[in-house]
Every structure is written in structure tokens, then in C-alpha cells.
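K.L.:
My questions all concern the structure below.
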Amino acid sequence: MPNKFASKSENMENKKKILITGGAGFIGSHVVRLFVTKYPHYHIYNLDKLTYAGNLENLKDIEGHKHYEFIKGDITDAPFIQRLFEETRPDAVIHLAAESHVDRSIKDPLSFINTNIIGTVNLLNAAKAIWEPEMDKHLFYHISTDEVYGSLDHGGFFLETTPYDPQSPYSASKASSDHFVRAWRNTYKIPIMISNCSNNYGPYQFPEKLIPLCINNIKNNKPLPIYGKGENVRDWLYVVDHARAIDLIFHQGKIGETYNIGGFNEWKNIDIVQLLCRIMDQKLGRAEGTSEKLITFVKDRAGHDLRYAIDAHKIMNELGWQPSLQFEEGLEKTVDWYLANESWLQNVTSGNYQKYYEEQYK
Ligand code: NAD
Ligand code: DAU
């Protein structure tokens, strides 16, 4: 049975208020854009601290929309979050705000513990305080990752029932937040849902992550750092397809359930980077093989998970979700976007990015 948010009210007085956290980040900005443009009967609050990864330029096209409101704030600040919930009284929360980069979690685990664990608990507490005693009219939808399941060998897939086995400070903090979300359902009866998605790629991804980092470096003729032998496998999904899955789960998912999201699209890192080099040589009018010469094998990531692979049959069979793009098509669209949005790339790679880059790849 679809949940409460499947019904639609056009009455301005009864507008459903949806609080999306982390909406200025990569995935969050695609979710905010989809909800603001597709559901004019909602009022969308976007709560974001605007860390290095949050960028209001990601939402330029919808910033003036009358049913959209940006709120700058930190989810680790409990009194602020409590006040915000009392004042805005959101009907539902879609929680994406997080520290999201594994390499940064290896250098500074505490900021991941604060944002990803404490921040999530602050949101749960604030929701509980204003939703009681009518909990069942509400929804706390937590966006998580496939990394909570750990690392796979060469066979098998992550199912929704796979036991948690996080291996990095990032994935341990996300796993912990998932546990807290489920505990708040069991103990306080908050209606929750969780989805665990595989690696996303696409427009607006911060160029610390493999694909945009390599696009930026190929463009600037800089080395392409491949950790270890490039044999690690990730399961890639175009970000808009993740946003579509979030929309579907939010409106038609079952309360208390977990949904895995992925496109059955596994690639070794080295193969992806070689494909990117070929696409970019073509787009930049360079001779075939030029960019591949930039590939440089560097020291492996500490505790580097070998393989992630999502079994997405549950969301496909129960909710009818399907990815809309083939990987090669999505990658080409992504390259086109980065090449067409040079000033976006320049803005996010100026300043602190240079310092991060030098420390990470020295
Ligand atoms: P991102 O790093 O691009 O964006 C995170 C956003 O959260 C930024 O806008 C940042 O400003 C905001 N934020 C960080 N700390 C905050 C705080 N204390 N208070 C308020 N806002 C804060 O991340 P992303 O890649 O868009 O990931 C979004 C969510 O999806 C995360 O929860 C992540 O774990 C999950 N996820 C990501 C992927 C992926 O491939 N990127 C895959 C599966 C799940
Ligand atoms: O699986 C979902 C997760 O995917 C999300 O939860 C995370 O938020 C997101 O960052 C991503 O994590 P990964 O660690 O898999 O993504 P990243 O782009 O950092 O790395 C992808 C692969 O490429 C990984 O095996 C490490 C490798 N890599 C990465 C970088 C940045 C390199 O070889 N060189 C690099 O410079």
C-alpha cells in the first residue's frame, strides 16, 4: 500500500512541508530540483550547512521558486535543529546531509561521527518531539549507502538482508546512523524508510570523487591517480536515476522497509578511467591514446574495499523502478556537463580544494 505521501493536496493551506537535508550537495541538489519542479503542492525546505561540498550554484535554476526555501544550518547543532522543527513543522524529512568522502574520513573520522551520527540523531529527536502523538502522519526517510554492507569478493551481491560490515570510518558512521534510524522506529514508533545506493556519478559531483576528479585532470593534462592496481570494482548509477528512486520510495515505499538502489553496472576503476580517457580525447579533439598516458598508479587507499555490487531486484519488482540510462551514455552526458560548466568547476576547485588535493596526492 502506498504511504501517506502518495495523496496530493492542491490546497495551499494544506501544503505538505518536506525538509530535505544536504540539498546543496551533489545528490541532494538533484533531489531538491526533482521535488520542487515535480510537486508544486509541496513546500520544500532545503537545510544545508554549505560545507566545502555544498554549493548553492547547484540550484541556481530553481532558487526563486515560490515553494522552495533554503535554510543555512548545521545538523550537529541540536538546539538549532529543535527550533527549526518547531518553527517549520515539516511533515516529512528526506535526510541526505552527510560527510561523504571516504578519503576524508580516513584523515578526519571525528567530523564524520559528528555529522553522520550525531547530526542524524538530532534530526530524529527533533522530528519525534513535534510528530508525537501523530507519528503515523509523518515520514523520516534516511538516505544511506551500499558501503554499510562491507566489501564483496568477486562473487555475490548486497541484498537488503546482508549483515552490516562497514570497513571505513565513513561507512561505519553511515552504518551507525542507519542503526539509530531503525532504533527510533522500534523505540519511538517514528515512521522511517532507508535506502542504500551504490556509487553515483553525474553533474554537480564534487571533483574529489573518482569520475569528476579524472574529468578535471584530463582537461588540465594532470596525472590521473589510480589507487593500487585499479582492480577495485564499483557499481555506478547516474545521479538522476538515484533521485528518481528516492522519489518513488518516498511516495510508494513501505514504512519500516529498506530498499537497495543500483543499476547492475559494475566496473573496475581502471576500465572506467580508460573509458573516460577515450570519451574525453574525442570531445577535446585530442589524438586517441593521449589522455591514457596521464594514468598514474599511486599508493592504495587504506582498507580499500575491493568490490560493491547491489542487488536491486526489490525496488525493481516492488516499485517498478528501472535505471533510465546506460553507463556509456550517462558518462558522456556527464563529461559534456563538466565541459560546458567550466566556471562551476573553476569555482569549486579554487581555494581549499588545492590544499586538499596537495595533501591527498602528495
Ligand atoms: P555531498 O558531500 O556532495 O553533499 C553533502 C551535503 O551535506 C553538502 O551540501 C553539505 O554542505 C551538507 N552537509 C554536510 N555536513 C552538514 C551538516 N553538519 N549540516 C548540514 N548540512 C551538512 O554528498 P552526496 O554525494 O550528495 O551524498 C548525499 C547522501 O547520499 C549522503 O548521505 C551519502 O552518504 C549518500 N550516498 C552517496 C552516494 C554517492 O555515490 N555520492 C551513494 C550512496 C549514498
Ligand atoms: O558506494 C557508495 C559510495 O560511493 C558513497 O556512499 C560515497 O559517498 C561515495 O563517495 C562513493 O564512495 P567511493 O569511495 O566508492 O567513491 P570514490 O569516487 O572516492 O572512489 C571510487 C573508486 O575509485 C574507489 O575504489 C577508490 C578509487 N579512487 C578514488 C579516487 C578519489 C582512485 O583510484 N583514485 C582516486 O583519486
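Residue numbering restarts at 1 for every chain of the C-alpha cells, chains are lettered A, B, ... in their displayed order, and ligands are numbered from 1 as they appear.
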Step by step, measure atom-to-atom distances between ligand 2 and each residue using only C-alpha atoms and all ligand atoms, keep those at most 9 Å, then write them as JSON, numbers by chain.
P.N.:
{"A": [98, 99, 100, 101, 102, 103, 144, 145, 146, 147, 148, 170, 171, 174, 196, 197, 198, 199, 200, 201, 207, 208, 209, 210, 211, 212, 213, 214, 224, 225, 226, 227, 228, 229, 230, 231, 232, 233, 234, 235, 236, 268, 269, 270, 297, 298, 300, 301, 304, 305, 306, 307, 308, 309, 360, 361]}
K.L.:
For chain A versus ligand 1, which residues have an atom no more than 8 Å away, and what is each residue's nearest atom pair and distance in Å rounded to one decimal, using only C-alpha atoms and all ligand atoms, chain-then-number order, as CSV?
P.N.:
```
residue,atom,partner,partner_atom_place_in_ligand_line,distance
A:Thr21,CA,ligand 1,21 (N),6.3
A:Gly22,CA,ligand 1,7 (O),3.6
A:Gly23,CA,ligand 1,9 (O),5.7
A:Ala24,CA,ligand 1,9 (O),4.0
A:Gly25,CA,ligand 1,9 (O),3.2
A:Phe26,CA,ligand 1,26 (O),3.7
A:Ile27,CA,ligand 1,26 (O),3.7
A:Gly28,CA,ligand 1,26 (O),5.3
A:Ser29,CA,ligand 1,26 (O),7.6
A:Leu47,CA,ligand 1,20 (C),6.3
A:Asp48,CA,ligand 1,21 (N),3.8
A:Lys49,CA,ligand 1,20 (C),3.9
A:Leu50,CA,ligand 1,11 (O),3.6
A:Thr51,CA,ligand 1,11 (O),3.9
A:Tyr52,CA,ligand 1,11 (O),6.4
A:Ala53,CA,ligand 1,8 (C),4.7
A:Gly54,CA,ligand 1,9 (O),3.1
A:Asn55,CA,ligand 1,9 (O),6.3
A:Lys72,CA,ligand 1,20 (C),7.6
A:Gly73,CA,ligand 1,20 (C),5.7
A:Asp74,CA,ligand 1,19 (N),3.5
A:Ile75,CA,ligand 1,19 (N),4.0
A:Thr76,CA,ligand 1,18 (N),5.3
A:Asp77,CA,ligand 1,18 (N),8.0
A:His95,CA,ligand 1,32 (O),7.1
A:Leu96,CA,ligand 1,32 (O),4.1
A:Ala97,CA,ligand 1,7 (O),3.5
A:Ala98,CA,ligand 1,14 (C),4.5
A:Glu99,CA,ligand 1,14 (C),5.2
A:Ser100,CA,ligand 1,2 (O),4.6
A:His101,CA,ligand 1,2 (O),6.7
A:Asn114,CA,ligand 1,18 (N),7.6
A:Thr115,CA,ligand 1,18 (N),4.7
A:Asn116,CA,ligand 1,32 (O),7.6
A:Gly119,CA,ligand 1,18 (N),6.4
A:His142,CA,ligand 1,32 (O),7.9
A:Ile143,CA,ligand 1,32 (O),5.4
A:Ser144,CA,ligand 1,44 (C),4.8
A:Thr145,CA,ligand 1,44 (C),3.9
A:Asp146,CA,ligand 1,43 (C),6.4
A:Glu147,CA,ligand 1,43 (C),8.0
A:Lys174,CA,ligand 1,34 (O),6.5
A:Asn196,CA,ligand 1,43 (C),6.2
A:Cys197,CA,ligand 1,43 (C),4.2
A:Ser198,CA,ligand 1,42 (C),5.1
A:Asn199,CA,ligand 1,40 (O),3.7
A:Asn200,CA,ligand 1,40 (O),3.8
A:Tyr201,CA,ligand 1,40 (O),6.6
A:Gln205,CA,ligand 1,3 (O),6.2
A:Phe206,CA,ligand 1,3 (O),6.2
```
K.L.:
Go ahead and write the residues just picked, C-alpha atoms, as an mmCIF file, in the first residue's frame.
P.N.:
```cif
data_model
loop_
_atom_site.group_PDB
_atom_site.id
_atom_site.type_symbol
_atom_site.label_atom_id
_atom_site.label_comp_id
_atom_site.auth_asym_id
_atom_site.auth_seq_id
_atom_site.Cartn_x
_atom_site.Cartn_y
_atom_site.Cartn_z
ATOM 1 C CA THR A 21 18.806 17.975 4.336
ATOM 2 C CA GLY A 22 22.034 18.269 2.343
ATOM 3 C CA GLY A 23 20.124 19.675 -0.613
ATOM 4 C CA ALA A 24 23.028 21.842 -1.754
ATOM 5 C CA GLY A 25 25.269 18.807 -2.236
ATOM 6 C CA PHE A 26 25.617 16.525 -5.242
ATOM 7 C CA ILE A 27 22.700 14.088 -4.856
ATOM 8 C CA GLY A 28 20.662 16.432 -2.656
ATOM 9 C CA SER A 29 20.556 19.129 -5.340
ATOM 10 C CA LEU A 47 18.606 22.615 5.077
ATOM 11 C CA ASP A 48 22.338 22.691 4.420
ATOM 12 C CA LYS A 49 25.443 23.886 6.244
ATOM 13 C CA LEU A 50 27.203 24.664 2.944
ATOM 14 C CA THR A 51 30.400 22.816 3.774
ATOM 15 C CA TYR A 52 33.077 22.594 1.060
ATOM 16 C CA ALA A 53 30.713 20.100 -0.663
ATOM 17 C CA GLY A 54 27.582 22.243 -0.512
ATOM 18 C CA ASN A 55 27.078 24.822 -3.210
ATOM 19 C CA LYS A 72 21.578 27.531 6.162
ATOM 20 C CA GLY A 73 22.238 25.434 9.250
ATOM 21 C CA ASP A 74 24.198 22.670 10.869
ATOM 22 C CA ILE A 75 22.547 19.363 11.789
ATOM 23 C CA THR A 76 25.072 18.852 14.600
ATOM 24 C CA ASP A 77 23.612 21.905 16.404
ATOM 25 C CA HIS A 95 17.880 13.162 5.072
ATOM 26 C CA LEU A 96 20.940 13.377 2.816
ATOM 27 C CA ALA A 97 23.258 15.744 4.728
ATOM 28 C CA ALA A 98 26.494 13.945 5.466
ATOM 29 C CA GLU A 99 30.225 13.968 5.183
ATOM 30 C CA SER A 100 30.506 11.702 2.153
ATOM 31 C CA HIS A 101 34.106 11.189 1.044
ATOM 32 C CA ASN A 114 29.632 14.244 14.405
ATOM 33 C CA THR A 115 27.737 14.947 11.206
ATOM 34 C CA ASN A 116 26.673 11.472 10.152
ATOM 35 C CA GLY A 119 23.532 15.006 13.204
ATOM 36 C CA HIS A 142 17.160 8.277 5.517
ATOM 37 C CA ILE A 143 19.499 8.144 2.516
ATOM 38 C CA SER A 144 22.290 5.660 3.059
ATOM 39 C CA THR A 145 24.949 3.815 1.130
ATOM 40 C CA ASP A 146 25.845 0.297 -0.018
ATOM 41 C CA GLU A 147 29.174 0.695 1.825
ATOM 42 C CA LYS A 174 26.684 5.682 7.896
ATOM 43 C CA ASN A 196 21.173 2.121 0.362
ATOM 44 C CA CYS A 197 22.523 3.165 -3.005
ATOM 45 C CA SER A 198 25.652 2.318 -4.959
ATOM 46 C CA ASN A 199 28.164 4.830 -6.416
ATOM 47 C CA ASN A 200 26.542 7.837 -8.094
ATOM 48 C CA TYR A 201 28.000 9.925 -10.913
ATOM 49 C CA GLN A 205 29.577 15.962 -8.176
ATOM 50 C CA PHE A 206 32.470 17.481 -6.257
#
```
K.L.:
Find the residues around Phe158 of chain A up to 8 Å (only C-alpha atoms counted), leave out those fewer than 2 positions away in its own chain, and share them as a compact mmCIF listing (two decimals) with N, CA, C and O atoms, in the first residue's frame.
P.N.:
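Generated output (out-v6.txt):
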```
# COMPACT_ATOMS: atom_id res chain seq x y z
N ASP A 146 25.55 1.75 0.02
CA ASP A 146 25.84 0.30 -0.02
C ASP A 146 27.10 -0.05 0.78
O ASP A 146 27.34 -1.22 1.10
N TYR A 149 27.41 -2.44 3.94
CA TYR A 149 27.45 -3.91 3.86
C TYR A 149 28.87 -4.44 3.80
O TYR A 149 29.08 -5.66 3.81
N GLY A 156 28.71 -12.63 -5.81
CA GLY A 156 27.63 -12.23 -4.89
C GLY A 156 27.25 -10.76 -4.99
O GLY A 156 27.92 -9.97 -5.66
N GLU A 160 19.15 -6.48 0.77
CA GLU A 160 18.67 -5.68 1.90
C GLU A 160 18.92 -6.42 3.22
O GLU A 160 19.00 -5.81 4.29
N THR A 161 19.05 -7.75 3.14
CA THR A 161 19.23 -8.56 4.35
C THR A 161 20.70 -8.88 4.65
O THR A 161 21.00 -9.56 5.62
N THR A 162 21.61 -8.40 3.81
CA THR A 162 23.04 -8.66 4.04
C THR A 162 23.46 -8.01 5.38
O THR A 162 23.15 -6.83 5.60
N TYR A 308 31.89 -3.48 -4.58
CA TYR A 308 30.50 -3.27 -4.17
C TYR A 308 29.61 -3.70 -5.34
O TYR A 308 29.95 -3.39 -6.50
N ALA A 309 28.51 -4.35 -5.04
CA ALA A 309 27.55 -4.72 -6.10
C ALA A 309 26.17 -4.88 -5.46
O ALA A 309 25.99 -5.69 -4.55
N ILE A 310 25.25 -4.07 -5.93
CA ILE A 310 23.89 -4.05 -5.36
C ILE A 310 22.96 -4.99 -6.11
O ILE A 310 22.93 -4.98 -7.35
N ASP A 311 22.18 -5.75 -5.35
CA ASP A 311 21.06 -6.47 -5.94
C ASP A 311 19.83 -5.56 -5.78
O ASP A 311 19.35 -5.35 -4.67
```
K.L.:
Residues of segment 141-341 of chain A classed as strand (DSSP E) by DSSP on the backbone are to be reported as a PyMOL selection string.
P.N.:
chain A and resi 141-145+192-197+199-201+224-227+233-238+258-261+266-268+295-298
K.L.:
List as number ranges by chain the protein and nucleic acid residues near Val335 of chain A, meaning an atom at most 9 Å away when only C-alpha atoms are counted, but skip any in the same chain fewer than 4 places from it.
P.N.:
A: 202-203, 212, 215, 276, 279-280, 283, 330-331, 339-340
K.L.:
Please produce an output containing all heavy atoms for each residue in the selection, written as a PDB file, in the first residue's frame.
P.N.:
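Result file out21.pdb:
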```
ATOM      1  N   GLY A 202      27.576  11.969 -12.143  1.00  0.00           N
ATOM      2  CA  GLY A 202      26.736  12.884 -12.915  1.00  0.00           C
ATOM      3  C   GLY A 202      27.081  14.325 -12.606  1.00  0.00           C
ATOM      4  O   GLY A 202      28.046  14.599 -11.883  1.00  0.00           O
ATOM      5  N   PRO A 203      26.285  15.275 -13.143  1.00  0.00           N
ATOM      6  CA  PRO A 203      26.543  16.700 -12.931  1.00  0.00           C
ATOM      7  C   PRO A 203      26.543  17.091 -11.454  1.00  0.00           C
ATOM      8  O   PRO A 203      25.808  16.507 -10.669  1.00  0.00           O
ATOM      9  CB  PRO A 203      25.365  17.376 -13.640  1.00  0.00           C
ATOM     10  CG  PRO A 203      24.913  16.387 -14.652  1.00  0.00           C
ATOM     11  CD  PRO A 203      25.176  15.035 -14.076  1.00  0.00           C
ATOM     12  N   PRO A 212      34.556  12.846 -11.457  1.00  0.00           N
ATOM     13  CA  PRO A 212      34.811  14.269 -11.754  1.00  0.00           C
ATOM     14  C   PRO A 212      36.274  14.673 -11.551  1.00  0.00           C
ATOM     15  O   PRO A 212      36.766  15.565 -12.244  1.00  0.00           O
ATOM     16  CB  PRO A 212      33.890  15.021 -10.784  1.00  0.00           C
ATOM     17  CG  PRO A 212      33.533  14.035  -9.732  1.00  0.00           C
ATOM     18  CD  PRO A 212      33.589  12.675 -10.357  1.00  0.00           C
ATOM     19  N   ILE A 215      37.868  13.729 -14.795  1.00  0.00           N
ATOM     20  CA  ILE A 215      37.448  14.639 -15.879  1.00  0.00           C
ATOM     21  C   ILE A 215      38.246  15.945 -15.775  1.00  0.00           C
ATOM     22  O   ILE A 215      38.800  16.440 -16.761  1.00  0.00           O
ATOM     23  CB  ILE A 215      35.925  14.924 -15.811  1.00  0.00           C
ATOM     24  CG1 ILE A 215      35.135  13.647 -16.127  1.00  0.00           C
ATOM     25  CG2 ILE A 215      35.527  16.072 -16.744  1.00  0.00           C
ATOM     26  CD1 ILE A 215      33.628  13.774 -15.965  1.00  0.00           C
ATOM     27  N   LEU A 276      36.812   6.917 -19.809  1.00  0.00           N
ATOM     28  CA  LEU A 276      36.748   8.385 -19.703  1.00  0.00           C
ATOM     29  C   LEU A 276      37.786   9.034 -20.613  1.00  0.00           C
ATOM     30  O   LEU A 276      37.499  10.032 -21.294  1.00  0.00           O
ATOM     31  CB  LEU A 276      37.074   8.799 -18.275  1.00  0.00           C
ATOM     32  CG  LEU A 276      35.958   9.266 -17.377  1.00  0.00           C
ATOM     33  CD1 LEU A 276      36.506   9.683 -16.037  1.00  0.00           C
ATOM     34  CD2 LEU A 276      35.180  10.403 -18.009  1.00  0.00           C
ATOM     35  N   ILE A 279      36.572   8.921 -24.179  1.00  0.00           N
ATOM     36  CA  ILE A 279      35.487   9.896 -24.420  1.00  0.00           C
ATOM     37  C   ILE A 279      36.069  11.308 -24.490  1.00  0.00           C
ATOM     38  O   ILE A 279      35.746  12.106 -25.369  1.00  0.00           O
ATOM     39  CB  ILE A 279      34.404   9.815 -23.306  1.00  0.00           C
ATOM     40  CG1 ILE A 279      33.686   8.467 -23.342  1.00  0.00           C
ATOM     41  CG2 ILE A 279      33.403  10.962 -23.422  1.00  0.00           C
ATOM     42  CD1 ILE A 279      32.678   8.252 -22.211  1.00  0.00           C
ATOM     43  N   MET A 280      36.983  11.598 -23.567  1.00  0.00           N
ATOM     44  CA  MET A 280      37.487  12.978 -23.499  1.00  0.00           C
ATOM     45  C   MET A 280      38.439  13.302 -24.643  1.00  0.00           C
ATOM     46  O   MET A 280      38.463  14.438 -25.115  1.00  0.00           O
ATOM     47  CB  MET A 280      38.125  13.240 -22.137  1.00  0.00           C
ATOM     48  CG  MET A 280      37.031  13.211 -21.105  1.00  0.00           C
ATOM     49  SD  MET A 280      37.035  14.348 -19.745  1.00  0.00           S
ATOM     50  CE  MET A 280      37.831  15.804 -20.103  1.00  0.00           C
ATOM     51  N   LYS A 283      36.067  14.297 -27.308  1.00  0.00           N
ATOM     52  CA  LYS A 283      35.411  15.591 -27.069  1.00  0.00           C
ATOM     53  C   LYS A 283      36.387  16.754 -27.188  1.00  0.00           C
ATOM     54  O   LYS A 283      36.008  17.852 -27.580  1.00  0.00           O
ATOM     55  CB  LYS A 283      34.794  15.647 -25.668  1.00  0.00           C
ATOM     56  CG  LYS A 283      33.796  14.560 -25.393  1.00  0.00           C
ATOM     57  CD  LYS A 283      32.391  15.011 -25.676  1.00  0.00           C
ATOM     58  CE  LYS A 283      31.438  13.843 -25.547  1.00  0.00           C
ATOM     59  NZ  LYS A 283      30.179  14.039 -26.227  1.00  0.00           N
ATOM     60  N   GLY A 330      25.464   7.816 -19.946  1.00  0.00           N
ATOM     61  CA  GLY A 330      25.494   8.675 -18.753  1.00  0.00           C
ATOM     62  C   GLY A 330      26.848   9.335 -18.589  1.00  0.00           C
ATOM     63  O   GLY A 330      26.945  10.510 -18.222  1.00  0.00           O
ATOM     64  N   LEU A 331      27.894   8.573 -18.870  1.00  0.00           N
ATOM     65  CA  LEU A 331      29.248   9.115 -18.712  1.00  0.00           C
ATOM     66  C   LEU A 331      29.492  10.221 -19.740  1.00  0.00           C
ATOM     67  O   LEU A 331      30.079  11.260 -19.431  1.00  0.00           O
ATOM     68  CB  LEU A 331      30.264   7.980 -18.890  1.00  0.00           C
ATOM     69  CG  LEU A 331      31.619   8.187 -18.243  1.00  0.00           C
ATOM     70  CD1 LEU A 331      31.499   8.458 -16.749  1.00  0.00           C
ATOM     71  CD2 LEU A 331      32.510   6.959 -18.457  1.00  0.00           C
ATOM     72  N   LEU A 339      32.289  19.863 -19.194  1.00  0.00           N
ATOM     73  CA  LEU A 339      32.963  20.720 -20.185  1.00  0.00           C
ATOM     74  C   LEU A 339      32.167  22.007 -20.420  1.00  0.00           C
ATOM     75  O   LEU A 339      32.740  23.062 -20.661  1.00  0.00           O
ATOM     76  CB  LEU A 339      33.182  19.962 -21.494  1.00  0.00           C
ATOM     77  CG  LEU A 339      34.196  18.799 -21.404  1.00  0.00           C
ATOM     78  CD1 LEU A 339      34.328  18.093 -22.756  1.00  0.00           C
ATOM     79  CD2 LEU A 339      35.573  19.273 -20.926  1.00  0.00           C
ATOM     80  N   ALA A 340      30.849  21.904 -20.317  1.00  0.00           N
ATOM     81  CA  ALA A 340      30.008  23.089 -20.561  1.00  0.00           C
ATOM     82  C   ALA A 340      29.929  23.990 -19.332  1.00  0.00           C
ATOM     83  O   ALA A 340      29.477  25.122 -19.418  1.00  0.00           O
ATOM     84  CB  ALA A 340      28.596  22.643 -20.967  1.00  0.00           C
TER      85      ALA A 340
END
```
K.L.:
Would you mind writing down, as JSON, numbers by chain, each residue of segment 53-270 of chain A that DSSP on the backbone assigns to helix (DSSP H, G or I)?
P.N.:
{"A": [56, 57, 58, 59, 60, 61, 62, 78, 79, 80, 81, 82, 83, 84, 85, 86, 87, 88, 102, 103, 104, 105, 106, 107, 109, 110, 111, 112, 113, 114, 115, 116, 117, 118, 119, 120, 121, 122, 123, 124, 125, 126, 127, 128, 129, 130, 131, 135, 136, 137, 146, 147, 148, 149, 169, 170, 171, 172, 173, 174, 175, 176, 177, 178, 179, 180, 181, 182, 183, 184, 185, 186, 187, 188, 210, 211, 212, 213, 214, 215, 216, 217, 218, 219, 239, 240, 241, 242, 243, 244, 245, 246, 247, 248, 249, 250, 251, 252, 269, 270]}
K.L.:
Could you please determine the separation between atom CA of Trp131 of chain A and atom CA of Leu84 of chain A in Å, to one decimal place?
P.N.:
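Straight-line distance from atom CA of Trp131 of chain A to atom CA of Leu84 of chain A works out to 13.5 Å.
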K.L.:
Which distance in Å separates atom CA of Asn341 of chain A and atom CA of Asp61 of chain A, to one decimal?
P.N.:
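So the answer is 13.8 Å.
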K.L.:
Contacts of segment 178-183 of chain A at 10 Å or less, counting only C-alpha atoms, minus same-chain residues fewer than 2 places along, as a ChimeraX atom specification?
P.N.:
/A:116-118,120-121,123-124,140-145,148,164,172-176,185-196,256-258
K.L.:
At what distance in Å, to one decimal, does atom CA of Ile255 of chain A lie from atom CA of Ile71 of chain A?
P.N.:
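Result for atom CA of Ile71 of chain A versus atom CA of Ile255 of chain A: 27.4 Å, one decimal.
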K.L.:
Pick the closest to Tyr204 of chain A from A:Glu63, A:Leu19, A:Glu57, A:Lys355: which is it, counting only C-alpha atoms?
P.N.:
A:Glu57
